[in-house]
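Novice: So here's query39.cif (mmCIF, C-alpha atoms and all ligand atoms).
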```cif
data_start
loop_
_atom_site.label_atom_id
_atom_site.label_comp_id
_atom_site.auth_asym_id
_atom_site.auth_seq_id
_atom_site.Cartn_x
_atom_site.Cartn_y
_atom_site.Cartn_z
CA MET A 524 18.01 -72.93 133.43
CA ALA A 525 14.84 -70.94 134.18
CA ARG A 526 15.56 -67.29 134.95
CA LYS A 527 14.17 -65.93 138.21
CA ARG A 528 11.38 -63.44 137.83
CA LYS A 529 11.86 -59.96 139.32
CA GLY A 530 11.54 -59.92 143.11
CA GLU A 531 11.69 -63.69 143.32
CA GLU A 532 13.72 -64.97 146.25
CA ASP A 533 15.58 -68.24 146.26
CA MET A 534 13.60 -70.23 148.82
CA GLY A 535 14.57 -73.66 147.53
CA LYS A 536 12.57 -75.95 145.33
CA VAL A 537 9.05 -76.47 146.63
CA ALA A 538 6.43 -78.92 145.34
CA ILE A 539 2.77 -79.20 146.23
CA TYR A 540 1.34 -82.67 146.65
CA ALA A 541 -2.43 -82.29 146.73
CA GLY A 542 -5.14 -84.87 147.25
CA SER A 543 -7.93 -86.05 149.49
CA PHE A 544 -5.68 -88.18 151.73
CA ASP A 545 -8.81 -89.87 153.13
CA PRO A 546 -6.75 -91.42 154.69
CA ILE A 547 -3.05 -91.08 153.81
CA THR A 548 -1.50 -94.40 152.70
CA TYR A 549 2.05 -95.70 152.23
CA GLY A 550 1.46 -95.11 148.49
CA HIS A 551 1.17 -91.37 149.22
CA ILE A 552 4.03 -91.44 151.72
CA ASP A 553 6.28 -93.15 149.15
CA ILE A 554 5.61 -90.35 146.63
CA ILE A 555 6.29 -87.68 149.31
CA GLU A 556 9.56 -89.32 150.37
CA ARG A 557 10.73 -89.68 146.77
CA GLY A 558 9.63 -86.08 146.14
CA LEU A 559 11.97 -84.98 148.92
CA GLU A 560 14.89 -86.41 146.91
CA ILE A 561 14.10 -83.83 144.22
CA PHE A 562 12.57 -80.91 146.14
CA ASP A 563 13.74 -79.07 149.25
CA LYS A 564 10.22 -78.97 150.59
CA VAL A 565 6.96 -80.78 149.88
CA ILE A 566 3.67 -79.18 150.89
CA VAL A 567 1.01 -81.84 151.42
CA ALA A 568 -2.19 -79.97 150.58
CA ILE A 569 -5.33 -81.74 151.76
CA ALA A 570 -8.40 -80.81 149.74
CA ASN A 571 -11.28 -79.58 151.87
CA ASN A 572 -13.99 -80.37 149.38
CA VAL A 573 -17.46 -80.22 150.91
CA GLU A 574 -18.99 -81.71 147.74
CA LYS A 575 -16.97 -84.90 148.13
CA ARG A 576 -18.03 -87.20 150.96
CA SER A 577 -15.05 -88.23 153.02
CA LEU A 578 -14.69 -90.80 155.79
CA PHE A 579 -12.43 -88.56 157.87
CA THR A 580 -13.19 -84.89 158.45
CA ILE A 581 -10.70 -82.32 157.23
CA GLU A 582 -9.59 -81.77 160.85
CA GLU A 583 -8.99 -85.51 161.32
CA ARG A 584 -7.07 -85.80 158.03
CA LEU A 585 -4.92 -82.79 158.95
CA LYS A 586 -4.21 -84.12 162.44
CA MET A 587 -3.31 -87.65 161.26
CA THR A 588 -1.12 -86.44 158.38
CA LYS A 589 0.66 -83.85 160.56
CA SER A 590 1.34 -86.50 163.16
CA ILE A 591 2.89 -88.82 160.54
CA PHE A 592 5.30 -86.07 159.40
CA LYS A 593 5.95 -84.51 162.83
CA ASP A 594 9.67 -85.40 162.60
CA THR A 595 10.07 -84.35 158.95
CA PRO A 596 10.43 -80.55 158.94
CA ASN A 597 10.64 -80.29 155.14
CA VAL A 598 7.11 -81.70 154.82
CA ILE A 599 4.45 -79.08 155.49
CA VAL A 600 0.88 -80.29 155.92
CA ASP A 601 -1.91 -77.86 155.10
CA SER A 602 -5.46 -77.83 153.75
CA PHE A 603 -7.03 -75.83 150.96
CA LYS A 604 -10.46 -75.03 149.58
CA GLY A 605 -11.29 -74.22 145.98
CA LEU A 606 -8.93 -74.29 143.02
CA LEU A 607 -5.52 -75.84 143.54
CA VAL A 608 -3.90 -73.18 141.30
CA ASP A 609 -5.20 -70.46 143.64
CA TYR A 610 -3.72 -72.24 146.63
CA VAL A 611 -0.41 -72.79 144.80
CA ALA A 612 -0.27 -69.05 144.00
CA LYS A 613 -0.19 -68.30 147.75
CA THR A 614 2.92 -70.46 148.17
CA ASN A 615 6.33 -70.37 146.52
CA ALA A 616 5.81 -73.72 144.77
CA LYS A 617 6.26 -74.02 141.01
CA VAL A 618 5.49 -77.70 140.69
CA ILE A 619 2.53 -79.94 141.46
CA LEU A 620 3.63 -83.44 142.38
CA ARG A 621 1.36 -86.34 141.44
CA GLY A 622 1.53 -90.11 141.62
CA LEU A 623 0.51 -92.43 138.79
CA ARG A 624 -0.67 -95.93 139.63
CA ALA A 625 -1.99 -97.26 136.37
CA THR A 626 -2.96 -96.21 132.89
CA SER A 627 -6.43 -95.59 134.33
CA ASP A 628 -5.00 -92.66 136.36
CA PHE A 629 -3.40 -91.19 133.26
CA GLU A 630 -6.34 -89.65 131.44
CA TYR A 631 -7.71 -87.77 134.45
CA GLU A 632 -4.22 -86.64 135.47
CA PHE A 633 -3.40 -85.51 131.93
CA HIS A 634 -6.58 -83.41 131.79
CA MET A 635 -5.98 -81.88 135.24
CA ALA A 636 -2.32 -81.08 134.50
CA SER A 637 -3.30 -79.45 131.20
CA MET A 638 -6.08 -77.47 132.88
CA ASN A 639 -3.81 -76.30 135.71
CA ARG A 640 -1.16 -75.23 133.20
CA THR A 641 -3.80 -73.31 131.27
CA LEU A 642 -4.91 -71.56 134.48
CA ASN A 643 -1.31 -70.80 135.48
CA THR A 644 1.30 -71.02 132.71
CA HIS A 645 4.16 -70.95 135.25
CA LEU A 646 2.97 -74.13 136.88
CA ASP A 647 4.18 -77.58 135.93
CA THR A 648 3.06 -81.03 137.07
CA LEU A 649 5.60 -83.73 137.83
CA PHE A 650 4.41 -87.34 137.78
CA MET A 651 6.06 -90.11 139.70
CA MET A 652 5.36 -93.72 138.93
CA THR A 653 3.95 -95.63 141.88
CA SER A 654 6.29 -98.05 143.58
CA LYS A 655 5.78 -101.75 142.83
CA ASP A 656 4.74 -102.29 146.46
CA TYR A 657 1.86 -99.81 146.36
CA PHE A 658 0.45 -99.73 142.81
CA PHE A 659 -2.77 -101.36 144.05
CA VAL A 660 -3.17 -99.11 147.08
CA SER A 661 -5.76 -96.34 147.03
CA SER A 662 -7.53 -94.65 149.94
CA ARG A 663 -10.78 -96.07 148.55
CA THR A 664 -9.70 -99.71 148.60
CA ILE A 665 -8.10 -99.24 152.02
CA LYS A 666 -11.44 -97.97 153.37
CA GLU A 667 -13.39 -100.78 151.73
CA VAL A 668 -11.11 -103.48 153.11
CA ALA A 669 -10.93 -101.90 156.58
CA ARG A 670 -14.72 -101.49 156.75
CA LEU A 671 -15.09 -105.23 156.12
CA GLY A 672 -12.53 -106.04 158.82
CA GLY A 673 -9.59 -106.92 156.54
CA GLY A 674 -6.02 -106.20 157.60
CA VAL A 675 -4.47 -103.10 156.06
CA GLU A 676 -1.30 -103.23 158.15
CA GLY A 677 1.76 -102.49 156.03
CA LEU A 678 -0.30 -100.46 153.55
CA VAL A 679 -1.02 -97.53 155.87
CA PRO A 680 0.82 -96.34 159.01
CA ASP A 681 -0.23 -97.91 162.33
CA LEU A 682 -1.91 -94.68 163.39
CA ILE A 683 -4.20 -94.91 160.36
CA VAL A 684 -4.93 -98.60 161.07
CA ARG A 685 -6.11 -97.55 164.56
CA ARG A 686 -8.18 -94.62 163.30
CA LEU A 687 -9.86 -96.83 160.66
CA LYS A 688 -10.76 -99.39 163.31
CA GLU A 689 -12.22 -96.65 165.51
CA LYS A 690 -14.26 -95.30 162.58
CA PHE A 691 -15.62 -98.71 161.70
CA LYS A 692 -15.99 -99.68 165.38
CA LEU A 693 -13.71 -102.69 165.05
CA PRO A 694 -11.61 -103.99 167.96
CA VAL A 695 -8.36 -101.99 168.12
CA THR A 696 -6.29 -105.12 168.82
CA LYS A 697 -3.93 -106.07 165.99
CA ARG A 698 -5.89 -108.03 163.40
CA LYS A 699 -4.41 -110.78 161.34
CA GLN A 700 -3.35 -109.92 157.79
CA ILE A 701 -5.38 -111.82 155.18
CA GLY A 702 -3.15 -114.55 153.80
CA TRP A 703 -3.48 -117.67 151.65
CA ASP A 704 -4.11 -119.85 154.71
CA ASP A 705 -7.13 -117.87 155.99
P1 LIG B 801 -6.58 -91.68 146.26
O1 LIG B 801 -6.64 -91.71 144.74
O2 LIG B 801 -5.87 -92.85 146.84
O3 LIG B 801 -7.87 -91.34 146.92
P2 LIG B 801 -5.70 -88.94 146.49
O4 LIG B 801 -6.87 -88.38 145.80
O5 LIG B 801 -5.45 -88.47 147.87
O6 LIG B 801 -5.64 -90.51 146.60
O7 LIG B 801 -4.42 -88.77 145.55
C1 LIG B 801 -3.41 -87.83 145.65
C2 LIG B 801 -2.32 -88.21 144.69
O8 LIG B 801 -1.66 -89.38 145.16
C3 LIG B 801 -2.74 -88.54 143.25
O9 LIG B 801 -1.75 -88.07 142.35
C4 LIG B 801 -2.77 -90.05 143.24
O10 LIG B 801 -2.61 -90.58 141.96
C5 LIG B 801 -1.58 -90.34 144.13
N1 LIG B 801 -1.61 -91.67 144.73
C6 LIG B 801 -2.55 -92.20 145.53
N2 LIG B 801 -2.23 -93.48 145.88
C7 LIG B 801 -1.04 -93.75 145.28
C8 LIG B 801 -0.18 -94.90 145.21
N3 LIG B 801 -0.52 -96.03 145.82
N4 LIG B 801 0.96 -94.82 144.49
C9 LIG B 801 1.26 -93.68 143.84
N5 LIG B 801 0.51 -92.56 143.85
C10 LIG B 801 -0.64 -92.59 144.54
#
```
Starting from the file, give its structure as structure tokens.
Ligand code: ADP
Specialist:
Amino acid sequence: MARKRKGEEDMGKVAIYAGSFDPITYGHIDIIERGLEIFDKVIVAIANNVEKRSLFTIEERLKMTKSIFKDTPNVIVDSFKGLLVDYVAKTNAKVILRGLRATSDFEYEFHMASMNRTLNTHLDTLFMMTSKDYFFVSSRTIKEVARLGGGVEGLVPDLIVRRLKEKFKLPVTKRKQIGWDD
């Protein structure tokens, strides 16, 4: 068992789950919920990256994500700018939580985990395999489908369905899910 460093208090096991969350999907939420089975607290850290064009502003992403976890006190939603390792250093987290959807995620994730461990040797990255229901879900595909008027119900929370429709100026009435009969 890892020995506590001097002055380190026992504040429970904390993980950081960082990403763009543009917008948050049930794929993300599944990883967070499963993370809570292992950690006492999960900090959802939304990257405020001005270089990367996002559909939702950082304020919108924070507001939506906070609202989704308003009844889950052990999920903290925050935003960060710059290097993730610098943000992690300001918290009491020792682990970065990540989700893996396919082998295509692996190479990037492997490089990032190795880089983060080089920048902070006390930091580890824990990968969770995507659930079979969400392996094909990414914020990017959700946005593409929603922009073209496809139904994304069941893949993102209802609040996100509404916000996507508002963004793409689609009627906010419940749209039909695309099925084999359409
Ligand atoms: P996306 O790749 O969907 O834009 P983010 O950049 O916000 O998502 O990703 C944050 C983390 O969540 C990454 O580790 C990513 O691999 C993971 N993730 C995203 N979607 C899923 C999913 N459907 N299942 C499992 N993990 C996921």
Novice: I'd like the interatomic distance between atom CA of A:Leu585 and atom CA of A:Phe544, to a tenth of an Å.
Specialist: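 Result for atom CA of A:Leu585 versus atom CA of A:Phe544: 9.0 Å, one decimal.
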Novice: Would you give me, as JSON lines, each residue of chain A having an atom within 7 Å of an atom of ligand LIG 801 (chain B), along with its shortest atom pair and that distance in Å to one decimal, using all atoms listed in the file and sorting by chain and residue number?
Specialist:
```
{"residue": "A:Tyr540", "atom": "CA", "partner": "B:LIG801", "partner_atom": "C2", "distance": 6.9}
{"residue": "A:Ala541", "atom": "CA", "partner": "B:LIG801", "partner_atom": "C1", "distance": 5.7}
{"residue": "A:Gly542", "atom": "CA", "partner": "B:LIG801", "partner_atom": "O5", "distance": 3.7}
{"residue": "A:Ser543", "atom": "CA", "partner": "B:LIG801", "partner_atom": "O5", "distance": 3.8}
{"residue": "A:Phe544", "atom": "CA", "partner": "B:LIG801", "partner_atom": "O5", "distance": 3.9}
{"residue": "A:Asp545", "atom": "CA", "partner": "B:LIG801", "partner_atom": "O5", "distance": 6.4}
{"residue": "A:Ile547", "atom": "CA", "partner": "B:LIG801", "partner_atom": "O5", "distance": 6.9}
{"residue": "A:Thr548", "atom": "CA", "partner": "B:LIG801", "partner_atom": "N2", "distance": 6.9}
{"residue": "A:Tyr549", "atom": "CA", "partner": "B:LIG801", "partner_atom": "N3", "distance": 6.9}
{"residue": "A:Gly550", "atom": "CA", "partner": "B:LIG801", "partner_atom": "N3", "distance": 3.4}
{"residue": "A:His551", "atom": "CA", "partner": "B:LIG801", "partner_atom": "C7", "distance": 5.1}
{"residue": "A:Ile554", "atom": "CA", "partner": "B:LIG801", "partner_atom": "C9", "distance": 6.1}
{"residue": "A:Arg621", "atom": "CA", "partner": "B:LIG801", "partner_atom": "O9", "distance": 3.7}
{"residue": "A:Gly622", "atom": "CA", "partner": "B:LIG801", "partner_atom": "N5", "distance": 3.5}
{"residue": "A:Leu623", "atom": "CA", "partner": "B:LIG801", "partner_atom": "O10", "distance": 4.8}
{"residue": "A:Arg624", "atom": "CA", "partner": "B:LIG801", "partner_atom": "C9", "distance": 5.1}
{"residue": "A:Asp628", "atom": "CA", "partner": "B:LIG801", "partner_atom": "O10", "distance": 6.4}
{"residue": "A:Met652", "atom": "CA", "partner": "B:LIG801", "partner_atom": "C9", "distance": 6.4}
{"residue": "A:Thr653", "atom": "CA", "partner": "B:LIG801", "partner_atom": "C9", "distance": 3.9}
{"residue": "A:Ser654", "atom": "CA", "partner": "B:LIG801", "partner_atom": "N4", "distance": 6.3}
{"residue": "A:Tyr657", "atom": "CA", "partner": "B:LIG801", "partner_atom": "N3", "distance": 4.5}
{"residue": "A:Phe658", "atom": "CA", "partner": "B:LIG801", "partner_atom": "N3", "distance": 4.9}
{"residue": "A:Phe659", "atom": "CA", "partner": "B:LIG801", "partner_atom": "N3", "distance": 6.1}
{"residue": "A:Val660", "atom": "CA", "partner": "B:LIG801", "partner_atom": "N3", "distance": 4.3}
{"residue": "A:Ser661", "atom": "CA", "partner": "B:LIG801", "partner_atom": "O2", "distance": 3.5}
{"residue": "A:Ser662", "atom": "CA", "partner": "B:LIG801", "partner_atom": "O2", "distance": 4.0}
{"residue": "A:Arg663", "atom": "CA", "partner": "B:LIG801", "partner_atom": "O3", "distance": 5.8}
```
Novice: Please write as a VMD selection string the list of polymer residues whose atoms come within 12 Å of (-9.5, -82.8, 160.0), counting all atoms listed in the file and keeping to the coordinates of the file.
Specialist: chain A and resid 543 to 546 569 to 572 577 to 590 600 to 603
Novice: Please determine, counting all atoms listed in the file, which residue among A:Lys604, A:Arg640, A:Thr614, A:Thr664 has the shortest atom-to-atom distance to A:Glu574.
Specialist: A:Lys604
Novice: Between atom CA of A:Ala616 and atom CA of A:Ala538, what is the distance in Å, rounded to a tenth?
Specialist: 5.3 Å
Novice: Rank A:Ile591, A:Leu606, A:Ile599, A:Ile566 by their smallest atom-to-atom distance to A:Val679, using only C-alpha atoms, and report the top residue only.
Specialist: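 Of all the options, A:Ile591 lies closest to A:Val679.
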Novice: I'd like the interatomic distance between atom CA of A:Ile539 and atom CA of A:Asp594, to a tenth of an Å.
Specialist: 18.8 Å
Novice: Which residue, A:Leu620, A:Arg685, A:Met635, A:Gly677, has the smallest gap to A:Asp656 when you use all atoms listed in the file?
Specialist: A:Gly677
Novice: Restricting the calculation to all atoms listed in the file: of A:Ile561, A:Val537, A:Val684, A:Leu642, which residue gets closest to A:Asn615?
Specialist: A:Val537
Novice: Check the smallest atom-to-atom distance from each of A:Ala625, A:Gly673, A:His634, A:Leu607 to A:Met651 using only C-alpha atoms, then report the winner.
Specialist: A:Ala625
Novice: Find, counting all atoms listed in the file, the residue in A:Ile619, A:Leu649, A:Leu678, A:Leu687 that gets nearest to A:Lys666.
Specialist: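 Ranked by minimum distance to A:Lys666, first place goes to A:Leu687.
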Novice: Would you save stretch 636-653 of chain A from the block above with N, CA and C atoms, as a CSV table (one decimal), in the first residue's frame?
Specialist:
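The resulting out_31.csv:
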```
chain,number,residue,atom,x,y,z
A,636,ALA,N,-1.1,9.8,-21.2
A,636,ALA,CA,-0.8,9.2,-19.9
A,636,ALA,C,0.7,9.2,-19.6
A,637,SER,N,1.5,8.8,-20.6
A,637,SER,CA,2.9,8.8,-20.4
A,637,SER,C,3.5,10.2,-20.2
A,638,MET,N,3.0,11.1,-21.0
A,638,MET,CA,3.4,12.5,-20.8
A,638,MET,C,3.0,13.1,-19.4
A,639,ASN,N,1.8,12.8,-19.0
A,639,ASN,CA,1.4,13.3,-17.7
A,639,ASN,C,2.2,12.7,-16.6
A,640,ARG,N,2.5,11.4,-16.7
A,640,ARG,CA,3.3,10.8,-15.7
A,640,ARG,C,4.7,11.3,-15.7
A,641,THR,N,5.2,11.7,-16.8
A,641,THR,CA,6.5,12.3,-16.9
A,641,THR,C,6.5,13.7,-16.2
A,642,LEU,N,5.4,14.4,-16.4
A,642,LEU,CA,5.3,15.8,-15.9
A,642,LEU,C,5.1,15.7,-14.3
A,643,ASN,N,4.4,14.6,-13.9
A,643,ASN,CA,4.1,14.5,-12.5
A,643,ASN,C,4.2,13.0,-12.2
A,644,THR,N,5.3,12.6,-11.6
A,644,THR,CA,5.6,11.1,-11.4
A,644,THR,C,4.6,10.5,-10.3
A,645,HIS,N,3.9,11.3,-9.6
A,645,HIS,CA,3.0,10.8,-8.6
A,645,HIS,C,1.6,10.5,-9.2
A,646,LEU,N,1.4,10.9,-10.4
A,646,LEU,CA,0.1,10.8,-11.0
A,646,LEU,C,0.0,9.6,-11.9
A,647,ASP,N,-1.2,8.9,-11.7
A,647,ASP,CA,-1.4,7.7,-12.5
A,647,ASP,C,-2.7,8.0,-13.3
A,648,THR,N,-2.8,7.2,-14.4
A,648,THR,CA,-4.1,7.3,-15.2
A,648,THR,C,-4.8,6.0,-15.2
A,649,LEU,N,-6.0,6.0,-14.9
A,649,LEU,CA,-6.8,4.8,-14.9
A,649,LEU,C,-7.8,4.8,-16.0
A,650,PHE,N,-7.7,3.7,-16.8
A,650,PHE,CA,-8.6,3.6,-18.0
A,650,PHE,C,-9.8,2.6,-17.8
A,651,MET,N,-10.9,3.1,-18.2
A,651,MET,CA,-12.1,2.2,-18.1
A,651,MET,C,-12.6,2.0,-19.5
A,652,MET,N,-12.9,0.7,-19.7
A,652,MET,CA,-13.4,0.3,-21.0
A,652,MET,C,-14.9,0.9,-21.2
A,653,THR,N,-15.2,1.4,-22.3
A,653,THR,CA,-16.5,1.9,-22.5
A,653,THR,C,-17.5,0.8,-22.4
```
